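What follows is the content of work04.csv, which has CSV, C-alpha atoms:
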```csv
chain,number,residue,atom,x,y,z
X,1,MET,CA,3.5,94.2,-17.4
X,2,SER,CA,2.0,97.2,-15.6
X,3,PHE,CA,-1.4,96.4,-17.1
X,4,LEU,CA,-1.2,92.9,-15.7
X,5,LEU,CA,-0.3,94.2,-12.2
X,6,PHE,CA,-3.2,96.7,-12.4
X,7,ALA,CA,-5.6,94.0,-13.5
X,8,VAL,CA,-4.5,91.6,-10.7
X,9,THR,CA,-4.7,94.4,-8.1
X,10,ALA,CA,-8.2,95.5,-9.3
X,11,LEU,CA,-9.4,91.9,-9.2
X,12,HIS,CA,-8.1,91.5,-5.7
X,13,VAL,CA,-9.7,94.7,-4.6
X,14,LEU,CA,-13.0,93.6,-6.2
X,15,VAL,CA,-12.8,90.3,-4.3
X,16,LEU,CA,-12.2,92.2,-1.0
X,17,VAL,CA,-15.2,94.5,-1.6
X,18,LEU,CA,-17.4,91.6,-2.5
X,19,LEU,CA,-16.3,89.7,0.6
X,20,PHE,CA,-17.0,92.7,2.8
X,21,VAL,CA,-20.5,93.1,1.4
X,22,ALA,CA,-21.2,89.4,1.5
X,23,THR,CA,-20.1,89.1,5.1
X,24,LEU,CA,-21.6,92.3,6.6
X,25,ASP,CA,-24.8,93.0,4.6
X,26,LYS,CA,-28.3,91.8,5.6
X,27,ALA,CA,-29.5,89.5,2.9
X,28,TRP,CA,-28.3,85.9,3.0
X,29,TRP,CA,-31.8,84.6,3.1
X,30,VAL,CA,-34.9,86.6,2.0
X,31,LEU,CA,-38.4,85.6,3.1
X,32,PRO,CA,-41.5,86.2,0.9
X,33,ASP,CA,-42.5,89.4,2.8
X,34,GLU,CA,-39.0,90.8,2.3
X,35,GLU,CA,-37.7,90.0,5.7
X,36,THR,CA,-34.0,89.1,5.7
X,37,VAL,CA,-31.8,86.8,7.6
X,38,ASN,CA,-28.1,87.3,7.6
X,39,LEU,CA,-25.1,85.7,9.3
X,40,TRP,CA,-25.1,88.0,12.3
X,41,TYR,CA,-28.7,89.1,13.0
X,42,ASP,CA,-32.2,88.1,12.2
X,43,CYS,CA,-33.7,91.3,10.9
X,44,VAL,CA,-37.4,92.0,10.4
X,45,LEU,CA,-38.9,95.1,8.8
X,46,GLN,CA,-41.7,96.5,10.9
X,47,ASN,CA,-44.7,97.5,8.8
X,48,SER,CA,-46.0,100.1,11.3
X,49,THR,CA,-42.7,102.0,11.7
X,50,HIS,CA,-40.9,101.0,8.5
X,51,SER,CA,-37.7,100.3,10.6
X,52,TRP,CA,-35.6,97.3,11.0
X,53,VAL,CA,-35.8,95.3,14.2
X,54,CYS,CA,-32.8,92.9,14.6
X,55,ALA,CA,-32.1,90.2,17.1
X,56,SER,CA,-29.0,88.0,17.4
X,57,VAL,CA,-29.2,84.7,15.7
X,58,ALA,CA,-29.4,81.4,17.6
X,59,ASP,CA,-26.3,79.5,18.6
X,60,SER,CA,-26.3,77.1,15.7
X,61,PRO,CA,-22.9,75.4,15.1
X,62,TRP,CA,-23.5,75.5,11.4
X,63,LEU,CA,-24.1,79.2,11.3
X,64,ARG,CA,-21.1,79.8,13.6
X,65,ALA,CA,-19.0,77.8,11.2
X,66,VAL,CA,-20.2,79.9,8.3
X,67,GLN,CA,-19.5,83.1,10.2
X,68,GLY,CA,-16.0,82.0,11.1
X,69,LEU,CA,-15.1,80.9,7.6
X,70,MET,CA,-16.4,84.2,6.1
X,71,VAL,CA,-14.3,86.2,8.6
X,72,ALA,CA,-11.3,83.9,7.9
X,73,ALA,CA,-11.7,84.4,4.2
X,74,LEU,CA,-11.9,88.2,4.7
X,75,LEU,CA,-8.8,88.2,6.8
X,76,LEU,CA,-6.9,85.8,4.5
X,77,SER,CA,-7.7,87.9,1.5
X,78,SER,CA,-6.6,91.1,3.2
X,79,ALA,CA,-3.4,89.4,4.3
X,80,ALA,CA,-2.9,88.2,0.7
X,81,PHE,CA,-3.2,91.7,-0.6
X,82,ALA,CA,-0.8,93.1,2.0
X,83,LEU,CA,1.7,90.3,1.1
X,84,PHE,CA,1.3,91.1,-2.6
X,85,VAL,CA,2.0,94.8,-2.0
X,86,TRP,CA,5.0,93.9,0.3
X,87,GLN,CA,6.4,91.5,-2.2
X,88,LEU,CA,5.9,93.9,-5.0
X,89,HIS,CA,7.8,96.7,-3.3
X,90,THR,CA,10.5,94.9,-1.3
X,91,GLY,CA,10.8,91.4,-2.8
X,92,PRO,CA,13.8,90.5,-5.1
X,93,ARG,CA,13.3,90.5,-8.8
X,94,GLY,CA,12.5,87.3,-10.6
X,95,LEU,CA,10.5,85.6,-7.8
X,96,LEU,CA,6.9,84.5,-8.0
X,97,PHE,CA,4.2,85.9,-5.7
X,98,SER,CA,3.6,82.4,-4.2
X,99,ALA,CA,2.9,83.5,-0.7
X,100,SER,CA,0.2,86.0,-1.7
X,101,GLY,CA,-1.2,83.5,-4.2
X,102,GLY,CA,-1.4,80.7,-1.7
X,103,THR,CA,-3.1,82.9,0.9
X,104,GLN,CA,-5.6,84.1,-1.7
X,105,LEU,CA,-6.3,80.5,-2.7
X,106,LEU,CA,-7.0,79.6,1.0
X,107,ALA,CA,-9.4,82.6,1.1
X,108,GLY,CA,-11.3,81.3,-1.9
X,109,LEU,CA,-11.5,77.8,-0.4
X,110,ALA,CA,-12.8,79.3,2.9
X,111,VAL,CA,-15.6,81.1,1.0
X,112,LEU,CA,-16.4,78.0,-0.9
X,113,VAL,CA,-16.8,75.9,2.2
X,114,ALA,CA,-18.8,78.7,4.0
X,115,ALA,CA,-21.2,79.1,1.1
X,116,ALA,CA,-21.6,75.3,0.7
X,117,LEU,CA,-22.3,74.9,4.5
X,118,TYR,CA,-24.9,77.7,4.4
X,119,ALA,CA,-26.6,76.1,1.4
X,120,ALA,CA,-26.6,72.7,3.1
X,121,TRP,CA,-27.7,74.0,6.4
X,122,GLY,CA,-31.4,73.4,6.9
X,123,GLY,CA,-32.1,75.8,9.8
X,124,ARG,CA,-33.3,78.7,7.6
X,125,PRO,CA,-36.9,79.9,7.8
X,126,PRO,CA,-39.1,78.1,5.2
X,127,GLY,CA,-40.5,79.7,2.1
X,128,GLY,CA,-37.6,82.0,1.3
X,129,ARG,CA,-34.9,82.3,-1.2
X,130,PHE,CA,-31.2,83.0,-1.1
X,131,GLY,CA,-30.3,86.7,-1.0
X,132,HIS,CA,-27.7,88.7,-2.8
X,133,CYS,CA,-25.1,88.2,-0.1
X,134,PHE,CA,-25.2,84.5,-0.7
X,135,VAL,CA,-24.8,85.1,-4.4
X,136,LEU,CA,-21.9,87.5,-3.8
X,137,ALA,CA,-20.2,84.8,-1.7
X,138,TRP,CA,-20.4,82.3,-4.5
X,139,LEU,CA,-19.2,84.9,-6.9
X,140,CYS,CA,-16.1,85.5,-4.7
X,141,VAL,CA,-15.1,81.8,-5.0
X,142,PRO,CA,-14.0,81.8,-8.7
X,143,LEU,CA,-12.7,85.3,-8.5
X,144,ALA,CA,-10.5,84.6,-5.5
X,145,LEU,CA,-9.3,81.3,-6.9
X,146,ALA,CA,-8.5,83.0,-10.2
X,147,SER,CA,-6.7,85.8,-8.4
X,148,GLY,CA,-4.7,83.3,-6.4
X,149,VAL,CA,-3.7,81.3,-9.4
X,150,THR,CA,-2.7,84.5,-11.2
X,151,TYR,CA,-0.5,85.5,-8.3
X,152,ILE,CA,1.2,82.1,-8.3
X,153,HIS,CA,2.0,82.4,-12.0
X,154,LEU,CA,3.0,86.1,-11.9
X,155,ARG,CA,6.7,86.7,-11.8
X,156,LYS,CA,8.2,90.0,-10.6
X,157,ARG,CA,10.2,91.7,-13.5
X,158,GLU,CA,12.6,94.5,-13.5
```
For this file, produce the structure as structure tokens.
Amino acid sequence: MSFLLFAVTALHVLVLVLLFVATLDKAWWVLPDEETVNLWYDCVLQNSTHSWVCASVADSPWLRAVQGLMVAALLLSSAAFALFVWQLHTGPRGLLFSASGGTQLLAGLAVLVAAALYAAWGGRPPGGRFGHCFVLAWLCVPLALASGVTYIHLRKRE
């Protein structure tokens, strides 16, 4: 049982780290000349100074929705982890971790909708490709959903 608890905890921490990187890093969209566009700033690498110049993104409702959903997923996943630790230490024996599992499932669904909206949104600069943050967001979806389902089926033992 202790191995299963360790595995579920490690999976949840992995999801949290991937969500942090996907939400805060600079590469949701990569242009051919290695300029990147992220959820918060439009960043351009200056050739002369080799430094990043960033400007705030335009007020696109699609992008604002993706930003909000990614932050919501991060907060929900953090809350699910806090609920899991709380239920693990103070909850009565024999109960399922349903609250933490449901919260983690909501976090996975929020990432799913955010990544799908970003993929469907047509306001990106042309000629680029999806960056590693977009891939990490899609990777978080099955991991978060698997973590949530595992929490729901996990029963606290003595």
Problem - Residue nearest Gly68 of chain X - candidates X:Asn47, X:Asn38, X:Thr23, X:Thr103, atoms counted: only C-alpha atoms - result: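 Smallest distance to Gly68 of chain X is found for X:Thr23.
With atom CA of Gln104 of chain X on one side and atom CA of Leu76 of chain X on the other, the separation reads 6.6 Å.
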Considering only C-alpha atoms, give me a table of residues in segment 25-101 of chain X that are at most 8 Å from segment 118-133 of chain X, with the closest atom pair and distance in Å for each, as a Markdown table.
```
| residue | atom | partner | partner_atom | distance |
| --- | --- | --- | --- | --- |
| X:Asp25 | CA | X:Cys133 | CA | 6.7 |
| X:Lys26 | CA | X:Cys133 | CA | 7.5 |
| X:Ala27 | CA | X:Gly131 | CA | 4.9 |
| X:Trp28 | CA | X:Gly131 | CA | 4.5 |
| X:Trp29 | CA | X:Phe130 | CA | 4.5 |
| X:Val30 | CA | X:Arg129 | CA | 5.4 |
| X:Leu31 | CA | X:Gly128 | CA | 4.1 |
| X:Pro32 | CA | X:Gly128 | CA | 5.7 |
| X:Trp62 | CA | X:Trp121 | CA | 6.7 |
| X:Leu63 | CA | X:Tyr118 | CA | 7.1 |
| X:Val66 | CA | X:Tyr118 | CA | 6.5 |
```
Create the file for the chosen residues now, containing C-alpha atoms and written as a PDB file, keeping the file's coordinate frame.
```pdb
ATOM      1  CA  ASP X  25     -24.800  93.000   4.600  1.00  0.00           C
ATOM      2  CA  LYS X  26     -28.300  91.800   5.600  1.00  0.00           C
ATOM      3  CA  ALA X  27     -29.500  89.500   2.900  1.00  0.00           C
ATOM      4  CA  TRP X  28     -28.300  85.900   3.000  1.00  0.00           C
ATOM      5  CA  TRP X  29     -31.800  84.600   3.100  1.00  0.00           C
ATOM      6  CA  VAL X  30     -34.900  86.600   2.000  1.00  0.00           C
ATOM      7  CA  LEU X  31     -38.400  85.600   3.100  1.00  0.00           C
ATOM      8  CA  PRO X  32     -41.500  86.200   0.900  1.00  0.00           C
ATOM      9  CA  TRP X  62     -23.500  75.500  11.400  1.00  0.00           C
ATOM     10  CA  LEU X  63     -24.100  79.200  11.300  1.00  0.00           C
ATOM     11  CA  VAL X  66     -20.200  79.900   8.300  1.00  0.00           C
TER      12      VAL X  66
END
```
Exercise for the section: List the neighbours of Gly148 of chain X out to 8 Å using all atoms listed in the file; skip same-chain residues closer than 3 positions along the sequence, and give me the result as a PyMOL selection string. Expected result: chain X and resi 100-105+144-145+151-152
Handout entry: For Ala10 of chain X: contacts at 12 Å, all atoms listed in the file, fewer than 5 positions along chain excluded, given as a ChimeraX atom specification
Key = /X:3-5,15-17,81,143-144,147
Problem - Distance criterion (all atoms listed in the file): nearest to Leu96 of chain X out of X:Ala7, X:Val13, X:Leu154, X:Ala115 - result: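 Distance minimum relative to Leu96 of chain X lands on X:Leu154.
Atom CA of Ala137 of chain X sits 6.7 Å away from atom CA of Leu19 of chain X.
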Exercise for the section: Could you check which of X:Val141, X:Leu74, X:Ser48, X:Val8 is closest to Leu24 of chain X, using only C-alpha atoms? Expected result: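 Counting only C-alpha atoms, the residue closest to Leu24 of chain X is X:Leu74.
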Practice task
Measure the distance from atom CA of Val113 of chain X to atom CA of Ala82 of chain X in Å and round it to one decimal.
Solution key: 23.5 Å
Handout entry: For Val71 of chain X, the nearest of the candidates X:Leu18, X:Val111, X:Ala146, X:Cys140, counting all atoms listed in the file
Key =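 Of X:Leu18, X:Val111, X:Ala146, X:Cys140, the one nearest Val71 of chain X is X:Val111, counting all atoms listed in the file.
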Exercise for the section: Kindly indicate which residue among X:Glu35, X:Arg64, X:Ala72, X:Thr150 lies nearest to His50 of chain X, using all atoms listed in the file for the distances. Expected result: X:Glu35
Problem - Using all atoms listed in the file: which of X:Leu14, X:Leu117, X:Pro92, X:Gly108 has the shortest distance to Ala65 of chain X - result: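 Residue with the minimum atom-to-atom distance to Ala65 of chain X: X:Leu117.
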Will you model all heavy atoms for segment 77-88 of chain X and pass it back as a PDB file, in the frame of the given file?
```pdb
ATOM      1  N   SER X  77      -7.818  87.102   2.669  1.00  0.00           N
ATOM      2  CA  SER X  77      -7.700  87.900   1.500  1.00  0.00           C
ATOM      3  C   SER X  77      -7.042  89.237   1.715  1.00  0.00           C
ATOM      4  O   SER X  77      -6.261  89.711   0.893  1.00  0.00           O
ATOM      5  CB  SER X  77      -9.131  88.117   0.866  1.00  0.00           C
ATOM      6  OG  SER X  77      -9.040  88.729  -0.385  1.00  0.00           O
ATOM      7  N   SER X  78      -7.318  89.832   2.861  1.00  0.00           N
ATOM      8  CA  SER X  78      -6.600  91.100   3.200  1.00  0.00           C
ATOM      9  C   SER X  78      -5.138  90.832   3.422  1.00  0.00           C
ATOM     10  O   SER X  78      -4.304  91.633   2.987  1.00  0.00           O
ATOM     11  CB  SER X  78      -7.234  91.657   4.508  1.00  0.00           C
ATOM     12  OG  SER X  78      -8.580  91.966   4.327  1.00  0.00           O
ATOM     13  N   ALA X  79      -4.802  89.729   4.081  1.00  0.00           N
ATOM     14  CA  ALA X  79      -3.400  89.400   4.300  1.00  0.00           C
ATOM     15  C   ALA X  79      -2.710  89.104   2.941  1.00  0.00           C
ATOM     16  O   ALA X  79      -1.546  89.478   2.737  1.00  0.00           O
ATOM     17  CB  ALA X  79      -3.268  88.180   5.202  1.00  0.00           C
ATOM     18  N   ALA X  80      -3.420  88.452   2.025  1.00  0.00           N
ATOM     19  CA  ALA X  80      -2.900  88.200   0.700  1.00  0.00           C
ATOM     20  C   ALA X  80      -2.561  89.471  -0.038  1.00  0.00           C
ATOM     21  O   ALA X  80      -1.526  89.595  -0.708  1.00  0.00           O
ATOM     22  CB  ALA X  80      -3.800  87.295  -0.110  1.00  0.00           C
ATOM     23  N   PHE X  81      -3.456  90.446   0.081  1.00  0.00           N
ATOM     24  CA  PHE X  81      -3.200  91.700  -0.600  1.00  0.00           C
ATOM     25  C   PHE X  81      -2.036  92.454   0.036  1.00  0.00           C
ATOM     26  O   PHE X  81      -1.200  93.016  -0.680  1.00  0.00           O
ATOM     27  CB  PHE X  81      -4.487  92.590  -0.525  1.00  0.00           C
ATOM     28  CG  PHE X  81      -4.389  93.829  -1.350  1.00  0.00           C
ATOM     29  CD1 PHE X  81      -4.369  93.755  -2.726  1.00  0.00           C
ATOM     30  CD2 PHE X  81      -4.300  95.077  -0.749  1.00  0.00           C
ATOM     31  CE1 PHE X  81      -4.268  94.893  -3.506  1.00  0.00           C
ATOM     32  CE2 PHE X  81      -4.201  96.216  -1.517  1.00  0.00           C
ATOM     33  CZ  PHE X  81      -4.187  96.131  -2.895  1.00  0.00           C
ATOM     34  N   ALA X  82      -1.948  92.428   1.378  1.00  0.00           N
ATOM     35  CA  ALA X  82      -0.800  93.100   2.000  1.00  0.00           C
ATOM     36  C   ALA X  82       0.501  92.347   1.653  1.00  0.00           C
ATOM     37  O   ALA X  82       1.520  93.007   1.407  1.00  0.00           O
ATOM     38  CB  ALA X  82      -1.000  93.020   3.555  1.00  0.00           C
ATOM     39  N   LEU X  83       0.478  91.029   1.578  1.00  0.00           N
ATOM     40  CA  LEU X  83       1.700  90.300   1.100  1.00  0.00           C
ATOM     41  C   LEU X  83       2.048  90.634  -0.293  1.00  0.00           C
ATOM     42  O   LEU X  83       3.236  90.785  -0.613  1.00  0.00           O
ATOM     43  CB  LEU X  83       1.387  88.779   1.220  1.00  0.00           C
ATOM     44  CG  LEU X  83       1.695  88.079   2.522  1.00  0.00           C
ATOM     45  CD1 LEU X  83       1.136  86.666   2.495  1.00  0.00           C
ATOM     46  CD2 LEU X  83       3.173  88.061   2.789  1.00  0.00           C
ATOM     47  N   PHE X  84       1.056  90.765  -1.161  1.00  0.00           N
ATOM     48  CA  PHE X  84       1.300  91.100  -2.600  1.00  0.00           C
ATOM     49  C   PHE X  84       1.999  92.487  -2.643  1.00  0.00           C
ATOM     50  O   PHE X  84       3.004  92.649  -3.337  1.00  0.00           O
ATOM     51  CB  PHE X  84       0.041  91.105  -3.363  1.00  0.00           C
ATOM     52  CG  PHE X  84       0.190  91.660  -4.744  1.00  0.00           C
ATOM     53  CD1 PHE X  84       0.939  90.995  -5.695  1.00  0.00           C
ATOM     54  CD2 PHE X  84      -0.417  92.854  -5.092  1.00  0.00           C
ATOM     55  CE1 PHE X  84       1.086  91.505  -6.975  1.00  0.00           C
ATOM     56  CE2 PHE X  84      -0.280  93.364  -6.362  1.00  0.00           C
ATOM     57  CZ  PHE X  84       0.474  92.692  -7.305  1.00  0.00           C
ATOM     58  N   VAL X  85       1.457  93.464  -1.928  1.00  0.00           N
ATOM     59  CA  VAL X  85       2.000  94.800  -2.000  1.00  0.00           C
ATOM     60  C   VAL X  85       3.454  94.784  -1.379  1.00  0.00           C
ATOM     61  O   VAL X  85       4.374  95.398  -1.930  1.00  0.00           O
ATOM     62  CB  VAL X  85       1.135  95.812  -1.211  1.00  0.00           C
ATOM     63  CG1 VAL X  85       1.812  97.151  -1.039  1.00  0.00           C
ATOM     64  CG2 VAL X  85      -0.186  95.974  -1.949  1.00  0.00           C
ATOM     65  N   TRP X  86       3.628  94.039  -0.284  1.00  0.00           N
ATOM     66  CA  TRP X  86       5.000  93.900   0.300  1.00  0.00           C
ATOM     67  C   TRP X  86       5.938  93.270  -0.640  1.00  0.00           C
ATOM     68  O   TRP X  86       7.065  93.748  -0.818  1.00  0.00           O
ATOM     69  CB  TRP X  86       4.862  93.169   1.637  1.00  0.00           C
ATOM     70  CG  TRP X  86       6.195  92.963   2.276  1.00  0.00           C
ATOM     71  CD1 TRP X  86       6.938  93.891   2.944  1.00  0.00           C
ATOM     72  CD2 TRP X  86       6.956  91.761   2.275  1.00  0.00           C
ATOM     73  NE1 TRP X  86       8.113  93.332   3.369  1.00  0.00           N
ATOM     74  CE2 TRP X  86       8.154  92.021   2.975  1.00  0.00           C
ATOM     75  CE3 TRP X  86       6.742  90.489   1.757  1.00  0.00           C
ATOM     76  CZ2 TRP X  86       9.117  91.058   3.167  1.00  0.00           C
ATOM     77  CZ3 TRP X  86       7.704  89.519   1.961  1.00  0.00           C
ATOM     78  CH2 TRP X  86       8.879  89.808   2.654  1.00  0.00           C
ATOM     79  N   GLN X  87       5.528  92.156  -1.260  1.00  0.00           N
ATOM     80  CA  GLN X  87       6.400  91.500  -2.200  1.00  0.00           C
ATOM     81  C   GLN X  87       6.691  92.313  -3.425  1.00  0.00           C
ATOM     82  O   GLN X  87       7.782  92.258  -3.987  1.00  0.00           O
ATOM     83  CB  GLN X  87       5.790  90.142  -2.639  1.00  0.00           C
ATOM     84  CG  GLN X  87       5.807  89.075  -1.592  1.00  0.00           C
ATOM     85  CD  GLN X  87       5.057  87.823  -2.053  1.00  0.00           C
ATOM     86  OE1 GLN X  87       4.042  87.917  -2.729  1.00  0.00           O
ATOM     87  NE2 GLN X  87       5.561  86.657  -1.670  1.00  0.00           N
ATOM     88  N   LEU X  88       5.729  93.105  -3.839  1.00  0.00           N
ATOM     89  CA  LEU X  88       5.900  93.900  -5.000  1.00  0.00           C
ATOM     90  C   LEU X  88       6.937  95.034  -4.775  1.00  0.00           C
ATOM     91  O   LEU X  88       7.744  95.336  -5.656  1.00  0.00           O
ATOM     92  CB  LEU X  88       4.563  94.572  -5.412  1.00  0.00           C
ATOM     93  CG  LEU X  88       4.515  95.392  -6.687  1.00  0.00           C
ATOM     94  CD1 LEU X  88       4.832  94.497  -7.884  1.00  0.00           C
ATOM     95  CD2 LEU X  88       3.155  96.025  -6.847  1.00  0.00           C
TER      96      LEU X  88
END
```
